[in-house]
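*Asks:* Handing you a structure now.
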Amino acid sequence: MLLEVKNLTKIFTVGFLRRKEIVAVKDVSFNVKESEFVSLVGESGSGKTTTARMILRLLRPTSGSVVFRDRDVWSLRTLNDLRWYWRQVHGIFQDPFASFNPLYKVDRVFYQVFTLLGDNDVDKESLVNEALKEVGLRPEEVLGRYPHELSGGQRQRLMIARCYLLKPKLILADEPISMIDASTRAGILQLFSKLRDEYKTSIIFITHDLGLAYYVSDRVLIMHKGSIVEEGSPEEIMEHPQHPYTKRLREDVPLLYRKWSGF
Amino acid sequence: MSPIMRFILRRVGFLFLTFIVFMLIIFALPRAIPGNPLSTLLSQLFQQAQANPELIKAVYKRLMDEFGVGKPVHIQFIDFISRTLRGDLGTSIAFYPRKVGEIVAAYLPWSLGLLIPATLTSWIIGNSLGALAGYKRKSAVDNLMLPVFLTLSQTPYYWLAMILLYVFAVNLGVFPIGGAYSSGRIPSLTFEFIADVLSHYILPFLSIVLSAMGGWAIGMRVMVIYELGADYINYADSLGLPDRKLLRYVFKNSMLPQITGLALSFGTILGGSLITELVFNYPGTGYLLFRAISTLDYPLIQGVFILLISTLLLANLIVDFVYAYIDPRIRTGYLGE
Amino acid sequence: MVSQLIRDLLRIKKFDLSVAIFSSILIIGLVGPIVYEVDPVKMIGPPEQPPSEKYPLGTDSYGRDLLAQLLHGIRNSIYIGLTAAAISLAIGVTIGALSGYRGGVADSSLMLITDVVYALPSIMLMMLIAAYLKERNPIFVALVIGVTSWPWVARAVRSQMLSLKSRDFIYMSRMAGLSDIKIIFEDLIPNMASYIFMAFVLLMSGAMIAEAGLSMIGLGVTRGVSLGIILYWAQLLESVRRGIWWWFIPPGACLVALATSLLLLSTALDEYFSPRLRGG
Amino acid sequence: MSLLEAEHVKAYYRVREGFVKAVDDVSLHLDRGVIMGLAGESGCGKSTLVNTLMLNIRPPLYLIDGRITLDGNLLSKMDKQTLKKKVWGVLVSIVPQSALNALMPTQKIIDLIKDIVHAHTDISDSEIVSMSRRRFEELNLPVEALNMYPHELSGGMRQRAVIAISTLLNPKLLIVDEPTSALDVSTQKQVLKLLVDLRKAKIIESMIFVTHDIAVLRQIADRIAIMYAGKIVESASTDDILYNSKHPYTYGLINAVVTPEPEVRKRGLISIPGEPPNLLKPPSGCRFHPRCPYAMDICRREEPPLVEVGEGWTVACHLVASGRR
């Protein structure tokens, strides 16, 4: 098993004297196999982003564990161990503008990760150019620019190019296309499928859009109020949803070729 | 418990904590700064009362008592707090054997009589003008007012006071050159006396109002500009709400932060007005503080500060009450959780 | 990037004006005492002379040259302002950044302390502390001002930190294996730079005004001259009532010009960096 | 006669570098009783267009040219005070994009309603209260919300309250600007249902609904207009747009829709290559030509005319104009 998420729970505490607890993620467990495309579907506030950050070792869980290749991720301490982990497991976030420090040229996101590769004798420039070509960007069009000079689609492609550079074993993509126009979403989505097909990269795809999940995934997890309420193949989820929340989700998604009754 | 009660209780707790911290600072300072505390007091004492060794002994004993020499520090502090809360602020050196509390009490009303009306007036005028400038942004009115606000807000009250005094009292002779009332007059509730007090009042009042106004105006102007661009204003506008209604919305929402600001700036304005009192020889606590500092009368200095801070914290609390009553978000427990 | 920023800023009239005023007074304060070699605290002529060719700004009641006092006063006031602002900034940024970065109990307790100090008027705390210092050289005065004026900076930096900390590019840097120190210096601090600079500018104008206030109540520097000290002497010796306008007007005017130019500078920066104030 | 007629409307943003041609020579007709959807990528001028149609514009956006008539009134010649008194809120209302923050925060909903009604008519406060209660009941909204402050309502509830407030005076036309993008799907459905009910109850006559989500339009719109780079490129009935679209851009948009349906899974994911142009310097000729798979020489040179290809079906494309499609 590539990744095992066991009983992951996150409770946020707010307030100083009058403490209040907010359970963001409650006892979440699931596994991801090699070269598997798993979708985590839920609406905003369902805890999916919190889950992603805990898996990426960016946010400490209140309890539970994340085990990657038999190593407990949260017991990794040294910078070297962490680099090993982020070399294998990398993330892509929702807002492609916020993913760049606005003060630096976009090139920084590539040269940053060469420390993860650990090999200093590589021709960095040609590696970057290669990665850019993989995601359909021309190096001369994007390198040397500041993030605000590029479009949302270009910025997100740059982020994916960073993954092509690293070729991690697992990518956590947190709503990577929700802020991108519908007309160009597909092209970006296909880049993830390509990574999976060519390099056996597993993908955890986090989305609020059941349609996308249905289209791209091998397995779909439905998350609601911090818990995973249903799990199954896309067809099972669409055709025989069990949980009332999944049923409602399926009924309320607007369809292109079917009209809602009563409208 | 209603949200409003919870808010008020929390504020009371916070202000009490602030008071205790302040007392701790006052308590710790003379003990923390090397070579300072009793020796200074004593050398001061010898200068004051050279002729009378009996007096020196009495004062010395009293000071030792009040300072709590020989007791553990925490007991000293508890003594200090409980004495203060009982209203005993110690004995003045310069005015021995008068109690600090009664001395300050004689001066405090003059300061408050100057501070409170001046603060409120500057708040009202400053906010109104600031709102006007924000509403007429980039017009001639705004372009004229903004530099004036900026300059006024950075003008020390007392320097403006010097200029006003020089121009209107010294040169033009329109107003008296200082004090709270003409020397020789006996305070009474007669028309003449009140008129006399007022004529002494105008210049100090004006100098505080004018300089404090600038800060309010600048803050309000920015608030109004922000609120004017807010989504709720655009929406109400698109439904045909008349401009004066929109302005009233903007004014109401920009005013709320300014009320909180009022509480915070009492202190700053008080600091400035203390010094303004010096310029006018106005018999308030600033004047008293200056004398206490120049005679190194530490019990009196402490007493002035304790009374001023207590007054300020009380004023903060009143503002909190007003704010809690006005902002619906506190009434319904949305803010301040 | 930096040159573009400077070019953009120079296009703002408020920015140009404020920089021009501040730097000319600064240069007067720096160069003046070197060019005009008159001892500011020595009796050099008859007392209370109005401005003349011999005494460009007149003399005070002790026959001391007021131009010399002003030049040294500007220098010392700016020096105290800069030092005090640096101290406040250091305290405020450290507490605010720590509070925002660490979060949790550390955040709550640091902010409680900050709020308490914030509720106590800084000018009063300054007076109180200064009253216990027998020797007050410029550094001490700057220190007294510095340790009492940081709370608003801490609050502002904390909220900046909170919003920056959860920005995705911080996560991107962490996932690239950057150490915390590197993230603080490469990602966090540079993004707060404009904000911190504005805070510094405002702290400095506040500190210069506070210095004058302390001096006026008799708690300024015990040796040497500052703008506040000139005003203190002028007040003590009744210059206003005796019509010696050349004694109290120039130092006050310099102080107001310095403080206003700094406020104007921060206003210009604020308009540049927050788009809602910039647009039409 | 149609309810809304817009002819050759141009609305530009003035910026330091020149003009952003967000709406460039757009003509549009809306019949009574019709819900029209307006779709396109972000930044194509949809939002600017609908706000311009009701003259709800403020600098740096300016109406450069064009004639806009609503229910027989020539809006494009009215000054703002007349518009506010006679048109906005009465003849046409908008549900803004930022509906979540659209309500005055320190006032109860009912007080905002009173202010709005007073701006147009002289009914008494008590009548306004009973009228609002009736309307909220009719639309299945909780009546208690009237006595609450905006922050006490959930996001979806606030959204629906805004819709009810906008239509309180029964405007002929309701403009709805991307109302559902921040909502989860179940709340979105409630909001859409409310909009449809408004027409059923004859509270409004017609509606223009702006969105980038064609699947949403499919559920409620009778007609769809497709906008690209400041121009309307195709306008037809929902079914024609869906099944028989003529413009390559429309076709691309429809194919980019991803919904959980077997048809979509079978068809596969298709995207339009490239990026929408910068409207400061739009491309020459047909603005879509740099991204169009069928672009010809003429497309680079000449702007395609708007051609009527069927009953109420217009397309602006050289392929159609030259009969190749």
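By convention in this document, the chains of the structure tokens carry letters A, B, ... by their order, each chain's residues are numbered from 1, and ligands are numbered from 1 in the order they are shown.
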Would you kindly report the residues of chain D within 12 Å of chain C, using only C-alpha atoms, as a ChimeraX atom specification?
*Replies:* /D:13-16,58-61
*Asks:* Return the neighbours of chain D among the residues of chain A, cut-off 7 Å, counting only C-alpha atoms, as a ChimeraX atom specification.
*Replies:* /A:43,181-187,210-212,214-215,249,252-256,259-260,263
*Asks:* Just C-alpha atoms for this one: save the residues we selected as a PDB file, in the first residue's frame.
*Replies:*
ATOM      1  CA  GLU A  43     -18.555  20.839  -0.327  1.00  0.00           C
ATOM      2  CA  ASP A 181     -12.418  28.594 -16.540  1.00  0.00           C
ATOM      3  CA  ALA A 182     -14.521  25.610 -17.492  1.00  0.00           C
ATOM      4  CA  SER A 183     -13.339  25.944 -21.067  1.00  0.00           C
ATOM      5  CA  THR A 184      -9.699  25.224 -20.174  1.00  0.00           C
ATOM      6  CA  ARG A 185     -10.218  22.861 -17.235  1.00  0.00           C
ATOM      7  CA  ALA A 186     -10.072  19.699 -19.253  1.00  0.00           C
ATOM      8  CA  GLY A 187      -6.587  20.404 -20.567  1.00  0.00           C
ATOM      9  CA  LEU A 210     -19.061  15.312  -8.509  1.00  0.00           C
ATOM     10  CA  GLY A 211     -18.970  15.483 -12.296  1.00  0.00           C
ATOM     11  CA  LEU A 212     -15.214  15.823 -12.420  1.00  0.00           C
ATOM     12  CA  TYR A 214     -17.051  10.784 -11.850  1.00  0.00           C
ATOM     13  CA  TYR A 215     -15.106  11.419 -14.968  1.00  0.00           C
ATOM     14  CA  LEU A 249     -25.411  15.579  -3.923  1.00  0.00           C
ATOM     15  CA  ASP A 252     -28.623  18.518  -6.931  1.00  0.00           C
ATOM     16  CA  VAL A 253     -25.750  18.615  -9.395  1.00  0.00           C
ATOM     17  CA  PRO A 254     -27.008  20.426 -12.489  1.00  0.00           C
ATOM     18  CA  LEU A 255     -26.823  18.198 -15.560  1.00  0.00           C
ATOM     19  CA  LEU A 256     -26.334  19.170 -19.157  1.00  0.00           C
ATOM     20  CA  LYS A 259     -33.589  18.786 -16.824  1.00  0.00           C
ATOM     21  CA  TRP A 260     -34.617  18.941 -13.177  1.00  0.00           C
ATOM     22  CA  PHE A 263     -38.165  23.723 -13.169  1.00  0.00           C
TER      23      PHE A 263
END
*Asks:* Skipping near chain neighbours, those fewer than 2 positions away, what residues fall within 10 Å of C:Pro46 using only C-alpha atoms, listed as a list in words?
*Replies:* Met43, Ile44, Glu48, Gln49, Gly58, Thr59, Asp60, Ser61, Tyr62, Gly63, Arg64 and Asp65 of chain C
*Asks:* Taking only C-alpha atoms into account, name the residue in A:Gln190, A:Thr51, A:Ser233, A:Gln112 that is nearest to A:Phe100.
*Replies:*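 The shortest atom-to-atom distance to A:Phe100 comes from A:Gln112.
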*Asks:* Check every residue of chain D for an atom within 7 Å of chain B, counting only C-alpha atoms, and provide those that qualify as a PyMOL selection string.
*Replies:* chain D and resi 56+84-85+88-89+93+96+98+101-104+106+116+119
*Asks:* Could you list, as number ranges by chain, every residue within 12 Å of stretch 119-134 of chain A, counting only C-alpha atoms and ignoring same-chain residues fewer than 4 positions away?
*Replies:* A: 106-115, 138-143, 154-167, 188, 190-192, 194-195, 198
*Asks:* Taking only C-alpha atoms into account and nothing else, which residues of chain C lie no more than 9 Å away from chain B? Please answer as number ranges by chain.
*Replies:* C: 112, 115-125, 128-129, 131-134, 205-206, 209, 212-213, 216-219, 231, 235, 238, 240-243, 245, 248-249, 252-253, 255-261, 263-264, 276-277, 280
